[in-house]
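Please read the structure below before turning to the comments.
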Amino acid sequence: MSTPGSGHNGGPPFDPPVCHERGQCKTCIHWHAPSDNEQRAYELFRLGLSRKRVKRPSGTCDRVLLAGRSSTVFSATTAEFGCLNFEAKPPPRAVGGGFVTIWRNGRIAWQGPEEKTPARYLQETLDLDGGETPGNGG
């Protein structure tokens, strides 16, 4: 028997639970951040390291949905602003993590995580011109 909200075989839910809290633009998929130069200049001004007055940098979004409106609009928004059309950015993808099996003469020569592949098996270090080709496994 599966519990409500879990997968068809009693495993974890198919989709992560929907978060109904109001997010901020800086974590929204639709928001385009201001340039690095603008952000750096503002940070220097805020810390008192620059005497030149700098306005708070704002990014842009073409899908801002405000209360009382039925359609989205284009707007300049700060990183902390939150609209009703918030969609969280996906988490960064992990690099690597694959599992590698290296065969030699019909037998497993090495198995393990992709990041820990010994240098002697890496593509750049193989000398395939010396008679050994991937096809003959020699």
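Simple scheme: letters A, B, ... for chains in structure tokens order, numbers from 1 for residues in each chain, numbers from 1 for ligands in the order shown.
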
Practice task
Pick out the residues sitting within 7 Å of segment 107-114 of chain A, and hand them over as a PyMOL selection string; count only C-alpha atoms, and ignore anything fewer than 4 positions along from it in its own chain.
Solution key: chain A and resi 96-103

Next, write the just-selected residues to a file, as a JSON list (two decimals), in the first residue's frame, keeping C-alpha atoms as the atom set.
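This went into out23.json:
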```json
[["chain", "number", "residue", "atom", "x", "y", "z"],
["A", 96, "GLY", "CA", 30.89, 14.01, -13.01],
["A", 97, "GLY", "CA", 29.35, 11.31, -10.91],
["A", 98, "GLY", "CA", 29.26, 8.78, -13.74],
["A", 99, "PHE", "CA", 30.38, 5.21, -13.21],
["A", 100, "VAL", "CA", 33.06, 3.94, -15.60],
["A", 101, "THR", "CA", 33.89, 0.40, -16.65],
["A", 102, "ILE", "CA", 37.07, -0.05, -18.68],
["A", 103, "TRP", "CA", 37.49, -3.32, -20.57]]
```

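Backbone DSSP assigns strand (DSSP E) in segment 81-122 of chain A to Phe99, Val100, Thr101, Ile102, Trp103, Arg104, Arg107, Ile108, Ala109, Trp110, Gln111, Gly112 and Pro113 of chain A.
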
Practice task
Might you pull out every residue within 12 Å of Lys26 of chain A, with only C-alpha atoms counted and same-chain residues fewer than 5 positions away left off, and present them as an MDAnalysis selection string?
Solution key: chainID A and resid 31:34 58:61 77:83 86:89

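Atom CA of Asn85 of chain A is positioned 12.8 Å from atom CA of Gly68 of chain A.
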
Exercise for the section: Apply DSSP to the structure's backbone, then extract all residues of segment 24-71 of chain A labelled alpha helix (DSSP H) and return them as a list in words. Expected result: Asp36, Asn37, Glu38, Gln39, Arg40, Ala41, Tyr42, Glu43, Leu44, Phe45 and Arg46 of chain A
